[in-house]
Structure formats: C-alpha cells, structure tokens
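Visitor: Sharing my_file.txt below, compact mmCIF, C-alpha atoms and all ligand atoms:
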# COMPACT_ATOMS: atom_id res chain seq x y z
CA MET C 273 41.86 9.22 8.81
CA THR C 274 42.25 6.10 6.72
CA VAL C 275 45.73 4.60 6.42
CA TRP C 276 46.14 3.00 2.99
CA ILE C 277 48.49 0.05 2.57
CA GLY C 278 48.64 -1.18 -0.98
CA THR C 279 50.81 -3.14 -3.32
CA SER C 280 51.15 -3.37 -7.07
CA TRP C 281 52.65 -6.62 -8.23
CA LYS C 282 53.72 -5.03 -11.53
CA MET C 283 54.40 -7.80 -14.12
CA ASN C 284 54.75 -10.58 -11.58
CA LYS C 285 52.88 -13.71 -10.42
CA THR C 286 51.11 -16.53 -12.17
CA LEU C 287 47.49 -17.31 -11.34
CA SER C 288 48.47 -19.91 -8.78
CA GLU C 289 50.97 -17.56 -7.12
CA ALA C 290 48.35 -14.80 -7.10
CA THR C 291 45.62 -16.92 -5.53
CA GLU C 292 48.04 -18.33 -2.97
CA TRP C 293 49.00 -14.78 -1.88
CA ALA C 294 45.37 -13.62 -1.79
CA GLY C 295 44.23 -16.76 0.06
CA GLY C 296 46.95 -16.23 2.64
CA LEU C 297 45.86 -12.63 3.11
CA ALA C 298 42.21 -13.66 3.60
CA GLU C 299 43.32 -16.21 6.19
CA PHE C 300 45.42 -13.63 8.04
CA LEU C 301 42.59 -11.09 8.09
CA ALA C 302 39.82 -13.44 9.21
CA GLY C 303 38.60 -12.20 12.59
CA ARG C 304 41.31 -9.52 12.77
CA GLN C 305 40.55 -5.86 13.47
CA LEU C 306 42.20 -3.45 11.06
CA GLY C 307 40.94 -0.22 12.58
CA GLU C 308 41.41 2.56 10.08
CA VAL C 309 43.83 0.61 7.87
CA GLN C 310 42.63 0.06 4.31
CA PRO C 311 44.43 -2.71 2.40
CA PHE C 312 44.53 -2.89 -1.38
CA VAL C 313 46.21 -5.13 -3.92
CA ILE C 314 46.82 -4.46 -7.60
CA PRO C 315 47.60 -7.66 -9.51
CA PRO C 316 48.46 -7.89 -13.21
CA ALA C 317 45.32 -7.86 -15.40
CA THR C 318 45.43 -11.65 -15.83
CA ALA C 319 44.94 -12.19 -12.11
CA ILE C 320 42.43 -9.47 -11.14
CA ALA C 321 39.40 -11.77 -11.35
CA ALA C 322 41.08 -14.64 -9.52
CA VAL C 323 42.32 -12.38 -6.72
CA ALA C 324 38.92 -10.69 -6.38
CA GLN C 325 37.25 -14.10 -6.28
CA THR C 326 39.69 -15.40 -3.66
CA LEU C 327 39.01 -12.30 -1.53
CA ARG C 328 35.21 -12.38 -1.96
CA GLU C 329 34.67 -13.09 1.76
CA GLU C 330 37.04 -10.25 2.66
CA PRO C 331 35.53 -7.10 1.15
CA ARG C 332 37.80 -4.94 3.32
CA VAL C 333 40.56 -5.55 0.75
CA LEU C 334 40.19 -3.48 -2.40
CA VAL C 335 41.44 -5.06 -5.61
CA GLY C 336 42.76 -2.86 -8.40
CA ALA C 337 44.08 -2.75 -11.96
CA GLN C 338 47.48 -1.38 -12.96
CA ASN C 339 46.09 0.46 -15.97
CA ALA C 340 42.88 0.92 -17.94
CA HIS C 341 42.05 2.71 -21.18
CA TRP C 342 39.98 5.91 -21.27
CA GLU C 343 37.49 4.49 -23.79
CA ASP C 344 34.87 1.95 -22.68
CA ALA C 345 35.33 -0.39 -25.65
CA GLY C 346 36.60 -0.46 -29.20
CA ALA C 347 39.50 -1.16 -31.53
CA TRP C 348 42.34 -0.74 -29.02
CA THR C 349 44.30 -3.97 -29.37
CA GLY C 350 46.06 -5.01 -26.20
CA GLU C 351 44.22 -2.60 -23.92
CA VAL C 352 41.59 -3.18 -21.23
CA SER C 353 38.88 -0.69 -20.31
CA VAL C 354 37.59 0.56 -16.97
CA PRO C 355 34.29 -1.38 -17.35
CA GLN C 356 36.31 -4.52 -18.12
CA VAL C 357 38.54 -4.27 -15.06
CA ALA C 358 35.47 -3.39 -12.96
CA ASP C 359 33.76 -6.50 -14.33
CA ALA C 360 36.80 -8.54 -13.25
CA GLY C 361 36.45 -7.19 -9.70
CA ALA C 362 38.68 -4.10 -9.66
CA ARG C 363 37.59 -1.12 -7.58
CA ILE C 364 40.80 0.92 -7.99
CA VAL C 365 42.62 1.86 -11.20
CA GLU C 366 46.29 2.80 -10.96
CA ILE C 367 47.10 5.55 -13.45
CA GLY C 368 50.31 7.14 -14.66
CA HIS C 369 52.93 5.06 -12.88
CA SER C 370 56.37 6.30 -13.96
CA GLU C 371 57.12 2.94 -15.59
CA ARG C 372 54.09 3.46 -17.84
CA ARG C 373 55.01 7.07 -18.53
CA GLU C 374 58.57 6.02 -19.43
CA HIS C 375 57.98 2.84 -21.43
CA PHE C 376 54.41 3.06 -22.74
CA GLY C 377 54.01 6.66 -23.73
CA GLU C 378 51.66 7.77 -20.96
CA THR C 379 51.40 11.55 -20.97
CA ASP C 380 49.71 14.04 -18.66
CA GLU C 381 46.93 14.08 -21.25
CA THR C 382 46.30 10.30 -21.31
CA VAL C 383 46.61 10.23 -17.54
CA ARG C 384 43.95 12.93 -17.24
CA ALA C 385 41.63 11.03 -19.61
CA LYS C 386 42.07 7.82 -17.60
CA VAL C 387 41.39 9.59 -14.30
CA ALA C 388 38.16 10.97 -15.77
CA ALA C 389 37.09 7.58 -17.18
CA THR C 390 37.80 5.85 -13.87
CA LEU C 391 35.72 8.38 -11.94
CA ALA C 392 32.91 8.20 -14.49
CA HIS C 393 32.58 4.48 -13.81
CA GLY C 394 32.67 4.89 -10.04
CA LEU C 395 36.11 3.38 -9.48
CA VAL C 396 38.91 4.99 -7.49
CA PRO C 397 41.76 6.49 -9.53
CA LEU C 398 45.17 5.98 -7.95
CA LEU C 399 47.15 8.75 -9.62
CA CYS C 400 50.92 8.23 -9.56
CA ILE C 401 53.25 11.22 -9.76
CA GLY C 402 56.97 11.62 -9.19
CA GLU C 403 60.06 13.37 -10.46
CA PRO C 404 63.22 11.95 -12.06
CA ALA C 405 66.62 12.27 -10.35
CA ASP C 406 67.81 15.22 -12.47
CA VAL C 407 64.75 17.27 -11.53
CA LYS C 408 65.32 16.44 -7.88
CA ASP C 409 69.02 17.36 -8.12
CA ALA C 410 68.03 20.72 -9.60
CA GLY C 411 65.71 21.35 -6.65
CA GLY C 412 62.55 20.96 -8.71
CA SER C 413 60.78 18.03 -6.99
CA THR C 414 57.89 19.93 -5.49
CA ALA C 415 57.13 22.07 -8.55
CA HIS C 416 57.27 18.96 -10.76
CA VAL C 417 54.79 16.88 -8.76
CA LEU C 418 52.41 19.78 -8.20
CA GLU C 419 52.37 20.35 -11.95
CA GLN C 420 51.77 16.64 -12.72
CA ALA C 421 48.92 16.50 -10.20
CA ALA C 422 47.35 19.72 -11.49
CA ARG C 423 47.40 18.45 -15.08
CA ALA C 424 45.90 15.08 -14.18
CA LEU C 425 43.16 16.51 -11.99
CA GLU C 426 42.30 19.59 -14.03
CA GLY C 427 38.58 20.32 -14.22
CA LEU C 428 37.41 17.83 -11.58
CA GLU C 429 34.60 18.82 -9.28
CA ALA C 430 35.16 18.69 -5.52
CA GLU C 431 33.12 15.48 -5.18
CA GLN C 432 35.19 13.76 -7.89
CA LEU C 433 38.48 14.96 -6.41
CA GLY C 434 37.34 13.54 -3.10
CA ARG C 435 37.44 10.04 -4.59
CA VAL C 436 41.01 10.31 -5.92
CA LEU C 437 44.09 8.77 -4.33
CA ILE C 438 47.46 10.33 -5.12
CA ALA C 439 50.69 8.33 -4.79
CA TYR C 440 53.88 10.35 -4.75
CA GLU C 441 56.57 8.00 -6.03
CA PRO C 442 59.89 9.72 -6.78
CA ILE C 443 61.37 7.89 -9.77
CA TRP C 444 64.82 7.82 -8.15
CA ALA C 445 63.35 5.88 -5.20
CA ILE C 446 61.50 3.17 -7.14
CA GLY C 447 62.54 -0.39 -7.85
CA GLU C 448 65.81 -2.31 -7.91
CA HIS C 449 67.86 0.70 -8.96
CA GLY C 450 66.11 3.07 -6.63
CA ARG C 451 67.38 4.24 -3.26
CA PRO C 452 65.05 4.64 -0.30
CA ALA C 453 64.07 8.27 0.20
CA GLY C 454 64.98 9.83 3.53
CA VAL C 455 62.25 11.40 5.61
CA ALA C 456 63.81 14.86 5.23
CA GLU C 457 63.67 14.59 1.43
CA LEU C 458 59.94 13.89 1.49
CA GLU C 459 58.80 16.52 3.93
CA GLU C 460 58.71 19.41 1.48
CA PRO C 461 56.88 17.67 -1.40
CA PHE C 462 54.34 16.23 1.04
CA ALA C 463 53.83 19.59 2.71
CA ALA C 464 53.10 21.07 -0.72
CA LEU C 465 50.85 18.21 -1.81
CA GLY C 466 49.12 18.27 1.56
CA GLY C 467 48.56 22.00 1.25
CA ALA C 468 47.13 21.66 -2.24
CA TYR C 469 45.17 18.41 -1.88
CA GLY C 470 45.33 17.16 1.72
CA HIS C 471 41.69 17.52 2.67
CA ARG C 472 40.37 17.46 -0.88
CA VAL C 473 41.41 13.93 -1.99
CA ALA C 474 40.80 10.48 -0.49
CA GLY C 475 44.46 10.08 0.45
CA LEU C 476 48.09 10.97 -0.23
CA LEU C 477 50.35 7.92 -0.39
CA TYR C 478 54.10 7.48 -0.58
CA GLY C 479 55.77 4.83 -2.75
CA GLY C 480 59.35 3.87 -3.60
CA SER C 481 61.60 1.34 -1.82
CA VAL C 482 59.27 1.05 1.16
CA ASN C 483 60.58 -1.71 3.41
CA LEU C 484 59.98 -3.10 6.88
CA ASP C 485 62.64 -0.84 8.37
CA ASN C 486 61.43 2.48 6.96
CA ALA C 487 57.64 1.98 6.80
CA ALA C 488 56.83 3.33 10.27
CA GLN C 489 58.98 6.44 9.74
CA LEU C 490 57.42 7.10 6.35
CA LEU C 491 53.92 6.82 7.81
CA GLY C 492 54.93 9.43 10.38
CA ILE C 493 55.61 12.14 7.76
CA ALA C 494 53.00 14.91 7.82
CA HIS C 495 50.33 14.44 5.12
CA VAL C 496 51.31 10.81 4.36
CA ASP C 497 48.08 8.77 4.52
CA GLY C 498 49.54 5.48 3.41
CA LEU C 499 52.12 3.48 1.50
CA PHE C 500 52.15 2.04 -2.00
CA VAL C 501 54.59 -0.82 -2.11
CA GLY C 502 56.30 -2.99 -4.70
CA ARG C 503 58.99 -5.51 -3.84
CA THR C 504 58.58 -5.69 -0.07
CA ALA C 505 54.93 -6.72 -0.44
CA TRP C 506 55.30 -9.27 -3.22
CA ARG C 507 56.06 -11.87 -0.55
CA LEU C 508 52.91 -12.19 1.52
CA GLU C 509 54.87 -12.10 4.80
CA GLY C 510 56.23 -8.67 3.86
CA TYR C 511 52.76 -7.33 3.15
CA LEU C 512 51.31 -8.75 6.37
CA ARG C 513 54.09 -7.16 8.39
CA LEU C 514 53.38 -3.79 6.69
CA LEU C 515 49.72 -4.13 7.64
CA GLU C 516 50.74 -4.74 11.25
CA ILE C 517 53.01 -1.69 11.20
CA ALA C 518 50.15 0.40 9.81
CA VAL C 519 47.66 -0.84 12.41
CA GLN C 520 50.16 0.04 15.13
CA HIS C 521 50.69 3.48 13.57
CA ALA C 522 46.94 4.13 13.28
CA THR C 523 46.32 3.05 16.87
CA ALA C 524 49.16 5.12 18.32
CA ARG C 525 48.16 8.36 16.58
CA PRO C 526 46.83 11.12 18.78
P1 LIG E 1 59.22 -0.63 -4.96
O1 LIG E 1 58.52 -0.66 -3.63
O2 LIG E 1 59.62 -2.01 -5.42
O3 LIG E 1 60.34 0.36 -5.00
O4 LIG E 1 58.14 -0.15 -6.05
C1 LIG E 1 57.34 0.94 -5.75
C2 LIG E 1 56.34 1.12 -6.80
O5 LIG E 1 56.65 1.46 -7.94
C3 LIG E 1 54.94 0.88 -6.46
O6 LIG E 1 54.13 1.27 -7.50
Rewrite the structure of this file - the entire thing - as structure tokens.

Guide:
Amino acid sequence: MTVWIGTSWKMNKTLSEATEWAGGLAEFLAGRQLGEVQPFVIPPATAIAAVAQTLREEPRVLVGAQNAHWEDAGAWTGEVSVPQVADAGARIVEIGHSERREHFGETDETVRAKVAATLAHGLVPLLCIGEPADVKDAGGSTAHVLEQAARALEGLEAEQLGRVLIAYEPIWAIGEHGRPAGVAELEEPFAALGGAYGHRVAGLLYGGSVNLDNAAQLLGIAHVDGLFVGRTAWRLEGYLRLLEIAVQHATARP
C-alpha cells in the first residue's frame, strides 16, 4: 500500500522560497529509492507552476492546488478552475479544508461539486474532513466525519471513488492553536473511515500537528495510509525527515 506524505503550504512562501524548497527536494530525491512512499506538495496558487517546473525531472512528486472552482471557466472573480490548476502543473486538488469551510463559506454542497469537477478532469481530489472541538467533546467525532465524507462523495461510481484521497484533520488538532491528537483519540474515527472507505479510496490520510516526534506513531494507526502536514513540512528539512520516517515505516511493515 502507498504511504502518502504531503504538505500544504497554506498562504505561505514567495516564488523564490517555493522554488528553493522544491529544488532542495529534487536534489534530495535524486537517485534515492522511495519504495511505496508517495510525496506531494500543495503550494499557494501563485507558485504551482514554478514548483511543478522545478520538479519536472522528479515526476514522483505530485504537485497540487489548495482549492479550485467547480466550473471550468467564467465570471468568478478571484477563483481558479480545475483546468487552470491542471494547466499550471497540479495533479491533486485539495478540497474542503476546515480553514476554507470556516472562512470562505465552503459547504458540503460546494465540496461535493469540487470533488466531481476534479474527478471529471482526471485530477485527484484530496477531500479534507474533520470535526470541531465541541463535537469531539460531545463524543460525535466519528459520526461527524462519516457524514461529511458521505455528503462529499455522494453518487460517485466505484472507479471515481478509487481515485479519491481523504484527509481526516480534526479541527482541534490543526495549526498554531491546535494540540497534537493522541493515537487513542484517532483509532475510532480511523476504524470507522477504514470500514467505510478503506479499500474503496486511494488513501486515508491524517493531518493536524504532525511533527517529527509523532509521525511514526501516527503512521502506525490502523487504516492510516499517510500524513498531510502543515508547519513541520514548511521547512524543507522537516519534510525530508518525514519522508525518511515514512520510508522506514513502509519498509518495516509486515
Ligand atoms: P499543521 O500540520 O500545521 O497543524 O496543519 C495541518 C493542516 O491543516 C494541513 O492541511
């Protein structure tokens, strides 16, 4: 099974910072075996083309977009479409991150439309789901994420579902104000997601305060096929170390 190790840079990095990071990654990977580890990087829209261009000799790294509209073109000021991000070099589209749901009005309905548009253009949707702290405190984590996933993936055929990545990112675990999730807290939601989607999607990823100390443990949770990482991977050294941890994990698996 593939082990996915990806990062979204969120609203960070200039073009020169982006190309320096991507160039460093290409240098690190040259001549290196990754086994079943699949790296991906999701820059801000301004840097997708430059990152894809910098990584052109390293097709093992998938480049993505943090968002794309459900329509192909039109009067949608400020938006970019799936064909546009594909043209820039993106092969993954991140959809429904909690920061977009909270601040930019993403709903289960727009998320579903974006998943469908991404699949229609042959790109990989990276569907983000996750519950807020109050839902978790009330014991509702698993029901919440199953519901979000069901709404986003409603009506897909088995072949389409097989191209989808799902990232479970509990909102309470994400970003500067988040706290790293303990393994025990993640076992139940991943068991449920694994039961519902495990063999039917391309991968189930975990995201939220992943760091160099907890990455190996998180990869060991049943049904976790990879990690989706913010802050720890924004410095190239952090990302490279995560790749090494993942290669070790993939090699050691029975
Ligand atoms: P952090 O790893 O910085 O908590 O961010 C996770 C995330 O939101 C990735 O999309």

Visitor: Neighbours of Val519 of chain C within 9 Å (all atoms listed in the file; same-chain residues fewer than 5 positions away dropped), as number ranges by chain?

Guide: C: 275, 305-309, 514, 524

Visitor: Could you list, with a cut-off of 12 Å and counting only C-alpha atoms, the residues of segment 436-496 of chain C near segment 371-381 of chain C, each shown with its nearest atom pair and the distance in Å rounded to one decimal, rows sorted by chain and ascending number, as a tab-separated table?

Guide:
residue	atom	partner	partner_atom	distance
C:Glu441	CA	C:Glu371	CA	10.8
C:Pro442	CA	C:Glu371	CA	11.5
C:Ile443	CA	C:Glu371	CA	8.7
C:Trp444	CA	C:Glu371	CA	11.8
C:Ile446	CA	C:Glu371	CA	9.5
C:Gly447	CA	C:Glu371	CA	10.0

Visitor: With the cut-off set at 8 Å and counting all atoms listed in the file, tabulate each residue of chain C with an atom at most that distance from an atom of ligand LIG 1 (chain E), showing the nearest atom pair and its distance in Å to one decimal, ordered by chain and increasing number, as CSV.

Guide:
residue,atom,partner,partner_atom,distance
C:Thr279,CA,E:LIG1,C3,6.6
C:Ser280,CA,E:LIG1,O6,5.5
C:Lys282,CA,E:LIG1,O6,7.5
C:His369,CA,E:LIG1,O6,6.7
C:Ser370,CA,E:LIG1,O5,7.7
C:Glu371,CA,E:LIG1,O5,7.8
C:Cys400,CA,E:LIG1,O6,7.9
C:Glu441,CA,E:LIG1,O5,6.8
C:Ala445,CA,E:LIG1,O3,6.3
C:Ile446,CA,E:LIG1,O3,3.7
C:Gly447,CA,E:LIG1,O3,3.7
C:Glu448,CA,E:LIG1,O2,6.7
C:Gly450,CA,E:LIG1,O3,6.6
C:Pro452,CA,E:LIG1,O3,7.9
C:Gly479,CA,E:LIG1,C1,5.2
C:Gly480,CA,E:LIG1,O3,3.9
C:Ser481,CA,E:LIG1,O3,3.6
C:Val482,CA,E:LIG1,O1,5.1
C:Asn483,CA,E:LIG1,O1,7.4
C:Phe500,CA,E:LIG1,C3,5.4
C:Val501,CA,E:LIG1,O1,4.2
C:Gly502,CA,E:LIG1,O1,3.4
C:Arg503,CA,E:LIG1,O2,3.9
C:Thr504,CA,E:LIG1,O1,6.2
C:Ala505,CA,E:LIG1,O1,7.7

Visitor: Quick one: pull the distance between atom CA of Met283 of chain C and atom CA of Leu391 of chain C, Å, one decimal.

Guide: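 So the two atoms, atom CA of Met283 of chain C and atom CA of Leu391 of chain C, lie 24.8 Å apart.
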
Visitor: Quick one: residues within 12 Å of Gly467 of chain C, all atoms listed in the file, excluding same-chain residues fewer than 4 positions away - as a CSV table (one decimal) with C-alpha atoms, in the coordinates of the input?

Guide:
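Dumped to around.csv:
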chain,number,residue,atom,x,y,z
C,414,THR,CA,57.9,19.9,-5.5
C,418,LEU,CA,52.4,19.8,-8.2
C,459,GLU,CA,58.8,16.5,3.9
C,460,GLU,CA,58.7,19.4,1.5
C,461,PRO,CA,56.9,17.7,-1.4
C,462,PHE,CA,54.3,16.2,1.0
C,463,ALA,CA,53.8,19.6,2.7
C,471,HIS,CA,41.7,17.5,2.7
C,472,ARG,CA,40.4,17.5,-0.9
C,473,VAL,CA,41.4,13.9,-2.0
C,476,LEU,CA,48.1,11.0,-0.2
C,494,ALA,CA,53.0,14.9,7.8
C,495,HIS,CA,50.3,14.4,5.1
C,496,VAL,CA,51.3,10.8,4.4

Visitor: May I have the residues at most 8 Å from (41.4, -2.0, -17.9) in the file's coordinates, counting all atoms listed in the file, as a PyMOL selection string?

Guide: chain C and resi 317+337-341+351-358+365

Visitor: Mind giving me the straight-line distance from atom CA of Leu508 of chain C to atom CA of Val335 of chain C in Å, one decimal?

Guide: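 Distance reported for this atom pair: 15.3 Å.
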
Visitor: Measuring between all atoms listed in the file, which one of C:Lys285, C:His416, C:Arg423, C:Arg435 shows the shortest distance to His393 of chain C?

Guide: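 That would be C:Arg435, the residue with the smallest distance to His393 of chain C.
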
Visitor: For Ile493 of chain C, which of C:Ala360, C:Leu512, C:Leu458, C:Ala347 is the closest residue, counting all atoms listed in the file?

Guide: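 Closest to Ile493 of chain C, using all atoms listed in the file: C:Leu458.
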
Visitor: Could you tell me how far atom CA of Arg363 of chain C sits from atom CA of Glu329 of chain C, in Å to one decimal place?

Guide: 15.5 Å

Visitor: Looking at all atoms listed in the file, which of C:Arg384, C:Val323, C:Asp497, C:Ala345 is the one that sits closest to Gly427 of chain C?

Guide: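 Result for the nearest residue to Gly427 of chain C: C:Arg384.
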
Visitor: Just add N, CA and C atoms to segment 316-334 of chain C and send it as a short mmCIF file (atom, residue, chain, number, x, y, z; two decimals), in the frame of the given file.

Guide:
data_model
loop_
_atom_site.label_atom_id
_atom_site.label_comp_id
_atom_site.auth_asym_id
_atom_site.auth_seq_id
_atom_site.Cartn_x
_atom_site.Cartn_y
_atom_site.Cartn_z
N PRO C 316 48.50 -8.08 -11.76
CA PRO C 316 48.46 -7.89 -13.21
C PRO C 316 47.05 -8.21 -13.71
N ALA C 317 46.69 -7.72 -14.90
CA ALA C 317 45.32 -7.86 -15.40
C ALA C 317 44.87 -9.32 -15.44
N THR C 318 45.80 -10.23 -15.73
CA THR C 318 45.43 -11.65 -15.83
C THR C 318 44.92 -12.22 -14.52
N ALA C 319 45.28 -11.61 -13.42
CA ALA C 319 44.94 -12.19 -12.11
C ALA C 319 43.91 -11.38 -11.32
N ILE C 320 43.39 -10.30 -11.90
CA ILE C 320 42.43 -9.47 -11.14
C ILE C 320 41.22 -10.30 -10.70
N ALA C 321 40.63 -11.02 -11.66
CA ALA C 321 39.40 -11.77 -11.35
C ALA C 321 39.67 -12.85 -10.31
N ALA C 322 40.78 -13.55 -10.45
CA ALA C 322 41.08 -14.64 -9.52
C ALA C 322 41.34 -14.10 -8.12
N VAL C 323 42.04 -12.97 -8.03
CA VAL C 323 42.32 -12.38 -6.72
C VAL C 323 41.02 -11.86 -6.09
N ALA C 324 40.20 -11.20 -6.90
CA ALA C 324 38.92 -10.69 -6.38
C ALA C 324 38.05 -11.85 -5.90
N GLN C 325 38.05 -12.92 -6.65
CA GLN C 325 37.25 -14.10 -6.28
C GLN C 325 37.79 -14.72 -4.98
N THR C 326 39.08 -14.82 -4.87
CA THR C 326 39.69 -15.40 -3.66
C THR C 326 39.38 -14.54 -2.43
N LEU C 327 39.24 -13.22 -2.65
CA LEU C 327 39.01 -12.30 -1.53
C LEU C 327 37.53 -11.95 -1.36
N ARG C 328 36.64 -12.77 -1.96
CA ARG C 328 35.21 -12.38 -1.96
C ARG C 328 34.63 -12.32 -0.55
N GLU C 329 35.17 -13.12 0.37
CA GLU C 329 34.67 -13.09 1.76
C GLU C 329 35.38 -12.01 2.58
N GLU C 330 36.25 -11.27 1.94
CA GLU C 330 37.04 -10.25 2.66
C GLU C 330 36.94 -8.91 1.93
N PRO C 331 35.74 -8.33 1.93
CA PRO C 331 35.53 -7.10 1.15
C PRO C 331 36.32 -5.91 1.67
N ARG C 332 36.98 -6.04 2.82
CA ARG C 332 37.80 -4.94 3.32
C ARG C 332 39.01 -4.70 2.42
N VAL C 333 39.41 -5.72 1.65
CA VAL C 333 40.56 -5.55 0.75
C VAL C 333 40.06 -5.10 -0.62
N LEU C 334 40.54 -3.95 -1.07
CA LEU C 334 40.19 -3.48 -2.40
C LEU C 334 41.16 -4.07 -3.41
#
